[in-house]
Amino acid sequence: MRCSKRALIGLTCVFALVPAGSAMAGTGPAPAPPERSVAKSTAPSAAGNPVSARAKAAGVCSDAYAIGETGYIVRQGVKIASVKQFYSPKCRQNYGYLWVWDSFRATAGDYDVSTAVYSYSQDEILGTRAWTNNNDQEFWSNGTDTVNDCTAGVGSLRKAGDPVSAQAAGSKRC
């Protein structure tokens with residue numbers, strides 16, 4: 001009886017050490033997306049939201065997503081805005097995007113803003129939209145037919161009283 005108890009305990013330990021089809025985090029296929037659609041927020045964001053009210057007003061396609069590295073507008077050594085480029089596969093268009101940082105908005109008063117897409121292939125700034133005496137935070141350019149070009153999102157920001165705008169561009173995308 002004593003041997004059978006030891007044998008049973010020994011077998012239990014062996015089976016506990018042998019994995020039986022174990023799965024670990026990060027292995028196997030990715031889970032399928034949910035069948036029902038999830039409503040996207042329409043709130044503006046620093047990352048850029050192509051379904052925000054301002055994006056819709058600019059005609060940005062809802063499937064647009066950020067491409068390339070973000071550029072930063074710097075004024076007197078301080079980052080005051082982010083500049084990005086977005087791409088829509090459905091509409092086959094690129095968009096410039098500019099987000100003014102809260103820290104700048106809190107003290108700036110009115111400012112002038114522009115955003116666009118720069119085409120290296122055409123050596124032109126395209127899709128420009130500009131605003132004067134503004135204090136909004138989110139800005140989108142018009143869509144551009146530049147998906148076959150090398151491009152970058154570009155933007156400028158000028159605080160009232162500054163003689164020139166501060167500018168930036170996102171990374172070049174081909």
# chains A, B, ... in the order shown; residues from 1 in each chain; ligands from 1

$ residues_around --residues "A:Arg54" --least-positions-apart "3" --cutoff "10 Å" --atoms "only C-alpha atoms" --output "PyMOL selection string"
chain A and resi 42-44+49-51+57-60+138-140

$ write_last_selection --atoms "N, CA and C atoms" --output "compact mmCIF listing (two decimals), in the first residue's frame"
# COMPACT_ATOMS: atom_id res chain seq x y z
N THR A 42 -15.67 60.44 -31.48
CA THR A 42 -15.54 61.58 -32.39
C THR A 42 -14.77 62.73 -31.74
N ALA A 43 -14.18 62.47 -30.60
CA ALA A 43 -13.42 63.50 -29.89
C ALA A 43 -12.10 63.76 -30.59
N PRO A 44 -11.68 65.02 -30.66
CA PRO A 44 -10.36 65.30 -31.23
C PRO A 44 -9.27 64.76 -30.31
N ASN A 49 -7.72 62.20 -34.98
CA ASN A 49 -8.91 61.37 -35.06
C ASN A 49 -9.65 61.71 -36.35
N PRO A 50 -9.59 60.83 -37.36
CA PRO A 50 -10.21 61.14 -38.65
C PRO A 50 -11.74 61.17 -38.63
N VAL A 51 -12.36 60.85 -37.50
CA VAL A 51 -13.81 60.94 -37.42
C VAL A 51 -14.26 62.07 -36.48
N ALA A 57 -15.43 67.94 -41.26
CA ALA A 57 -15.63 69.22 -41.95
C ALA A 57 -14.59 69.44 -43.03
N ALA A 58 -13.39 68.89 -42.83
CA ALA A 58 -12.33 69.03 -43.82
C ALA A 58 -12.41 67.97 -44.92
N GLY A 59 -13.34 67.03 -44.78
CA GLY A 59 -13.49 65.98 -45.78
C GLY A 59 -12.51 64.83 -45.64
N VAL A 60 -11.96 64.64 -44.43
CA VAL A 60 -11.02 63.55 -44.18
C VAL A 60 -11.78 62.23 -44.20
N GLU A 138 -7.21 71.58 -33.13
CA GLU A 138 -7.09 70.54 -34.16
C GLU A 138 -7.30 71.14 -35.55
N PHE A 139 -6.36 70.83 -36.47
CA PHE A 139 -6.44 71.39 -37.82
C PHE A 139 -6.08 70.32 -38.85
N TRP A 140 -6.89 70.22 -39.90
CA TRP A 140 -6.68 69.25 -40.98
C TRP A 140 -6.58 69.98 -42.31

$ select_by_dssp --residues "stretch 89-128 of chain A" --states "alpha helix (DSSP H)" --output "compact mmCIF listing (two decimals) with all heavy atoms, in the first residue's frame"
# COMPACT_ATOMS: atom_id res chain seq x y z
N ASP A 102 -1.70 72.07 -25.40
CA ASP A 102 -2.41 72.80 -24.34
C ASP A 102 -1.54 73.88 -23.70
O ASP A 102 -2.02 74.98 -23.41
CB ASP A 102 -2.87 71.85 -23.24
CG ASP A 102 -4.03 70.95 -23.68
OD1 ASP A 102 -4.76 71.33 -24.62
OD2 ASP A 102 -4.19 69.87 -23.07
N SER A 103 -0.28 73.58 -23.48
CA SER A 103 0.62 74.54 -22.81
C SER A 103 0.75 75.83 -23.61
O SER A 103 0.84 76.92 -23.04
CB SER A 103 2.00 73.91 -22.59
OG SER A 103 2.52 73.43 -23.82
N PHE A 104 0.74 75.76 -24.93
CA PHE A 104 0.80 76.95 -25.78
C PHE A 104 -0.55 77.66 -25.79
O PHE A 104 -0.63 78.88 -25.63
CB PHE A 104 1.23 76.59 -27.20
CG PHE A 104 1.26 77.76 -28.14
CD1 PHE A 104 2.28 78.69 -28.06
CD2 PHE A 104 0.27 77.93 -29.09
CE1 PHE A 104 2.32 79.77 -28.94
CE2 PHE A 104 0.30 79.00 -29.96
CZ PHE A 104 1.32 79.93 -29.88
N ARG A 105 -1.61 76.90 -25.95
CA ARG A 105 -2.95 77.48 -26.02
C ARG A 105 -3.30 78.25 -24.75
O ARG A 105 -4.03 79.25 -24.79
CB ARG A 105 -4.00 76.39 -26.23
CG ARG A 105 -3.93 75.76 -27.59
CD ARG A 105 -5.00 74.67 -27.77
NE ARG A 105 -6.30 75.31 -27.88
CZ ARG A 105 -7.41 74.84 -27.33
NH1 ARG A 105 -7.38 73.75 -26.60
NH2 ARG A 105 -8.56 75.46 -27.49
N ALA A 106 -2.81 77.81 -23.62
CA ALA A 106 -3.15 78.42 -22.33
C ALA A 106 -2.65 79.86 -22.23
O ALA A 106 -3.22 80.66 -21.48
CB ALA A 106 -2.57 77.60 -21.19
N THR A 107 -1.62 80.20 -22.98
CA THR A 107 -1.03 81.54 -22.85
C THR A 107 -0.97 82.32 -24.16
O THR A 107 -0.64 83.50 -24.16
CB THR A 107 0.41 81.44 -22.32
OG1 THR A 107 1.19 80.69 -23.24
CG2 THR A 107 0.43 80.77 -20.94
N ALA A 108 -1.31 81.71 -25.28
CA ALA A 108 -1.05 82.32 -26.58
C ALA A 108 -2.06 83.37 -27.01
O ALA A 108 -1.73 84.27 -27.77
CB ALA A 108 -0.98 81.23 -27.66

$ residues_around --residues "A:Gln122" --least-positions-apart "6" --cutoff "10 Å" --atoms "only C-alpha atoms" --output "VMD selection string"
chain A and resid 146 149 to 151

$ atom_distance --atom1 "atom CA of A:Ala47" --atom2 "atom CA of A:Ala160"
25.9 Å

$ atom_distance --atom1 "atom CA of A:Ser41" --atom2 "atom CA of A:Tyr65"
14.6 Å

$ atom_distance --atom1 "atom CA of A:Ile80" --atom2 "atom CA of A:Cys174"
27.1 Å

$ residues_around --residues "stretch 164-168 of chain A" --least-positions-apart "5" --cutoff "7 Å" --atoms "only C-alpha atoms" --output "number ranges by chain"
A: 71-75, 83, 154-158

$ write_last_selection --atoms "N, CA and C atoms" --output "PDB file, in the first residue's frame"
ATOM      1  N   GLY A  71       6.377  65.592 -36.658  1.00  0.00           N
ATOM      2  CA  GLY A  71       7.239  66.764 -36.566  1.00  0.00           C
ATOM      3  C   GLY A  71       6.724  67.657 -35.444  1.00  0.00           C
ATOM      4  N   TYR A  72       7.591  68.519 -34.930  1.00  0.00           N
ATOM      5  CA  TYR A  72       7.196  69.387 -33.820  1.00  0.00           C
ATOM      6  C   TYR A  72       7.523  70.840 -34.141  1.00  0.00           C
ATOM      7  N   ILE A  73       6.536  71.704 -33.966  1.00  0.00           N
ATOM      8  CA  ILE A  73       6.756  73.131 -34.124  1.00  0.00           C
ATOM      9  C   ILE A  73       7.324  73.644 -32.806  1.00  0.00           C
ATOM     10  N   VAL A  74       8.452  74.348 -32.912  1.00  0.00           N
ATOM     11  CA  VAL A  74       9.152  74.860 -31.741  1.00  0.00           C
ATOM     12  C   VAL A  74       9.172  76.384 -31.816  1.00  0.00           C
ATOM     13  N   ARG A  75       8.798  77.030 -30.721  1.00  0.00           N
ATOM     14  CA  ARG A  75       8.828  78.491 -30.621  1.00  0.00           C
ATOM     15  C   ARG A  75       9.645  78.853 -29.395  1.00  0.00           C
ATOM     16  N   VAL A  83       2.926  68.047 -35.844  1.00  0.00           N
ATOM     17  CA  VAL A  83       2.537  67.995 -37.254  1.00  0.00           C
ATOM     18  C   VAL A  83       2.665  66.552 -37.728  1.00  0.00           C
ATOM     19  N   VAL A 154       2.972  69.057 -43.336  1.00  0.00           N
ATOM     20  CA  VAL A 154       3.646  70.299 -42.939  1.00  0.00           C
ATOM     21  C   VAL A 154       2.653  71.204 -42.222  1.00  0.00           C
ATOM     22  N   GLY A 155       3.181  72.090 -41.380  1.00  0.00           N
ATOM     23  CA  GLY A 155       2.318  73.023 -40.678  1.00  0.00           C
ATOM     24  C   GLY A 155       3.082  74.223 -40.185  1.00  0.00           C
ATOM     25  N   SER A 156       2.341  75.299 -39.932  1.00  0.00           N
ATOM     26  CA  SER A 156       2.940  76.514 -39.373  1.00  0.00           C
ATOM     27  C   SER A 156       1.993  77.087 -38.333  1.00  0.00           C
ATOM     28  N   LEU A 157       2.586  77.818 -37.401  1.00  0.00           N
ATOM     29  CA  LEU A 157       1.838  78.412 -36.300  1.00  0.00           C
ATOM     30  C   LEU A 157       2.502  79.741 -35.952  1.00  0.00           C
ATOM     31  N   ARG A 158       1.706  80.825 -35.927  1.00  0.00           N
ATOM     32  CA  ARG A 158       2.229  82.155 -35.605  1.00  0.00           C
ATOM     33  C   ARG A 158       1.367  82.787 -34.530  1.00  0.00           C
TER      34      ARG A 158
END

$ select_by_dssp --residues "stretch 50-136 of chain A" --states "strand (DSSP E)" --output "PyMOL selection string"
chain A and resi 65-75+78-88+93-100+111-119+124-134

$ residues_around --residues "A:Lys90" --least-positions-apart "4" --cutoff "10 Å" --atoms "only C-alpha atoms" --output "PyMOL selection string"
chain A and resi 61-64

$ write_last_selection --atoms "all heavy atoms" --output "compact mmCIF listing (two decimals), in the first residue's frame"
# COMPACT_ATOMS: atom_id res chain seq x y z
N CYS A 61 -11.26 61.25 -44.93
CA CYS A 61 -11.90 59.94 -44.98
C CYS A 61 -11.72 59.23 -43.65
O CYS A 61 -10.65 59.29 -43.03
CB CYS A 61 -11.29 59.11 -46.11
SG CYS A 61 -11.74 59.77 -47.72
N SER A 62 -12.75 58.54 -43.21
CA SER A 62 -12.79 57.96 -41.86
C SER A 62 -11.75 56.86 -41.64
O SER A 62 -11.43 56.54 -40.50
CB SER A 62 -14.17 57.42 -41.56
OG SER A 62 -14.50 56.38 -42.47
N ASP A 63 -11.19 56.29 -42.71
CA ASP A 63 -10.20 55.22 -42.53
C ASP A 63 -8.76 55.75 -42.49
O ASP A 63 -7.82 54.96 -42.42
CB ASP A 63 -10.33 54.17 -43.63
CG ASP A 63 -9.90 54.69 -44.99
OD1 ASP A 63 -10.07 55.90 -45.26
OD2 ASP A 63 -9.40 53.89 -45.80
N ALA A 64 -8.59 57.06 -42.53
CA ALA A 64 -7.24 57.64 -42.54
C ALA A 64 -6.49 57.30 -41.26
O ALA A 64 -7.07 57.21 -40.19
CB ALA A 64 -7.33 59.16 -42.71

$ closest_residue --among "A:Lys159, A:Lys79, A:Arg129, A:Lys84" --to "A:Tyr111" --atoms "only C-alpha atoms"
A:Lys159

$ decode --residues "stretch 57-72 of chain A" --atoms "all heavy atoms" --output "tab-separated table (two decimals), in the first residue's frame"
chain	number	residue	atom	x	y	z
A	57	ALA	N	-15.43	67.94	-41.26
A	57	ALA	CA	-15.63	69.22	-41.95
A	57	ALA	C	-14.59	69.44	-43.03
A	57	ALA	O	-14.86	70.09	-44.04
A	57	ALA	CB	-15.61	70.36	-40.94
A	58	ALA	N	-13.39	68.89	-42.83
A	58	ALA	CA	-12.33	69.03	-43.82
A	58	ALA	C	-12.41	67.97	-44.92
A	58	ALA	O	-11.62	67.98	-45.86
A	58	ALA	CB	-10.96	68.96	-43.13
A	59	GLY	N	-13.34	67.03	-44.78
A	59	GLY	CA	-13.49	65.98	-45.78
A	59	GLY	C	-12.51	64.83	-45.64
A	59	GLY	O	-12.25	64.10	-46.58
A	60	VAL	N	-11.96	64.64	-44.43
A	60	VAL	CA	-11.02	63.55	-44.18
A	60	VAL	C	-11.78	62.23	-44.20
A	60	VAL	O	-12.83	62.11	-43.57
A	60	VAL	CB	-10.29	63.73	-42.83
A	60	VAL	CG1	-9.38	62.56	-42.53
A	60	VAL	CG2	-9.50	65.04	-42.83
A	61	CYS	N	-11.26	61.25	-44.93
A	61	CYS	CA	-11.90	59.94	-44.98
A	61	CYS	C	-11.72	59.23	-43.65
A	61	CYS	O	-10.65	59.29	-43.03
A	61	CYS	CB	-11.29	59.11	-46.11
A	61	CYS	SG	-11.74	59.77	-47.72
A	62	SER	N	-12.75	58.54	-43.21
A	62	SER	CA	-12.79	57.96	-41.86
A	62	SER	C	-11.75	56.86	-41.64
A	62	SER	O	-11.43	56.54	-40.50
A	62	SER	CB	-14.17	57.42	-41.56
A	62	SER	OG	-14.50	56.38	-42.47
A	63	ASP	N	-11.19	56.29	-42.71
A	63	ASP	CA	-10.20	55.22	-42.53
A	63	ASP	C	-8.76	55.75	-42.49
A	63	ASP	O	-7.82	54.96	-42.42
A	63	ASP	CB	-10.33	54.17	-43.63
A	63	ASP	CG	-9.90	54.69	-44.99
A	63	ASP	OD1	-10.07	55.90	-45.26
A	63	ASP	OD2	-9.40	53.89	-45.80
A	64	ALA	N	-8.59	57.06	-42.53
A	64	ALA	CA	-7.24	57.64	-42.54
A	64	ALA	C	-6.49	57.30	-41.26
A	64	ALA	O	-7.07	57.21	-40.19
A	64	ALA	CB	-7.33	59.16	-42.71
A	65	TYR	N	-5.19	57.09	-41.42
A	65	TYR	CA	-4.33	56.81	-40.26
A	65	TYR	C	-2.99	57.51	-40.44
A	65	TYR	O	-2.58	57.82	-41.56
A	65	TYR	CB	-4.15	55.30	-40.05
A	65	TYR	CG	-3.49	54.58	-41.21
A	65	TYR	CD1	-2.11	54.42	-41.26
A	65	TYR	CD2	-4.24	54.05	-42.25
A	65	TYR	CE1	-1.50	53.77	-42.32
A	65	TYR	CE2	-3.65	53.39	-43.31
A	65	TYR	CZ	-2.27	53.25	-43.34
A	65	TYR	OH	-1.68	52.60	-44.39
A	66	ALA	N	-2.33	57.77	-39.32
A	66	ALA	CA	-1.06	58.51	-39.33
A	66	ALA	C	0.03	57.67	-39.98
A	66	ALA	O	0.12	56.46	-39.76
A	66	ALA	CB	-0.66	58.89	-37.92
A	67	ILE	N	0.85	58.33	-40.79
A	67	ILE	CA	2.01	57.68	-41.41
A	67	ILE	C	3.24	58.54	-41.15
A	67	ILE	O	3.15	59.75	-41.03
A	67	ILE	CB	1.82	57.45	-42.93
A	67	ILE	CG1	1.56	58.77	-43.67
A	67	ILE	CG2	0.69	56.46	-43.18
A	67	ILE	CD1	1.54	58.65	-45.19
A	68	GLY	N	4.39	57.91	-41.05
A	68	GLY	CA	5.63	58.65	-40.84
A	68	GLY	C	5.78	59.12	-39.41
A	68	GLY	O	4.95	58.89	-38.54
A	69	GLU	N	6.90	59.81	-39.20
A	69	GLU	CA	7.22	60.34	-37.87
A	69	GLU	C	6.60	61.72	-37.69
A	69	GLU	O	6.49	62.49	-38.63
A	69	GLU	CB	8.74	60.44	-37.70
A	69	GLU	CG	9.45	59.10	-37.78
A	69	GLU	CD	9.12	58.18	-36.63
A	69	GLU	OE1	9.02	58.67	-35.49
A	69	GLU	OE2	8.92	56.98	-36.88
A	70	THR	N	6.24	62.04	-36.48
A	70	THR	CA	5.66	63.33	-36.14
A	70	THR	C	6.73	64.41	-36.14
A	70	THR	O	7.85	64.19	-35.68
A	70	THR	CB	5.02	63.26	-34.74
A	70	THR	OG1	4.02	62.23	-34.74
A	70	THR	CG2	4.40	64.58	-34.33
A	71	GLY	N	6.38	65.59	-36.66
A	71	GLY	CA	7.24	66.76	-36.57
A	71	GLY	C	6.72	67.66	-35.44
A	71	GLY	O	5.56	67.57	-35.05
A	72	TYR	N	7.59	68.52	-34.93
A	72	TYR	CA	7.20	69.39	-33.82
A	72	TYR	C	7.52	70.84	-34.14
A	72	TYR	O	8.66	71.16	-34.51
A	72	TYR	CB	7.91	68.97	-32.53
A	72	TYR	CG	7.53	67.57	-32.12
A	72	TYR	CD1	8.35	66.50	-32.43
A	72	TYR	CD2	6.33	67.33	-31.46
A	72	TYR	CE1	7.99	65.20	-32.08
A	72	TYR	CE2	5.96	66.05	-31.10
A	72	TYR	CZ	6.80	64.98	-31.42
A	72	TYR	OH	6.44	63.71	-31.08
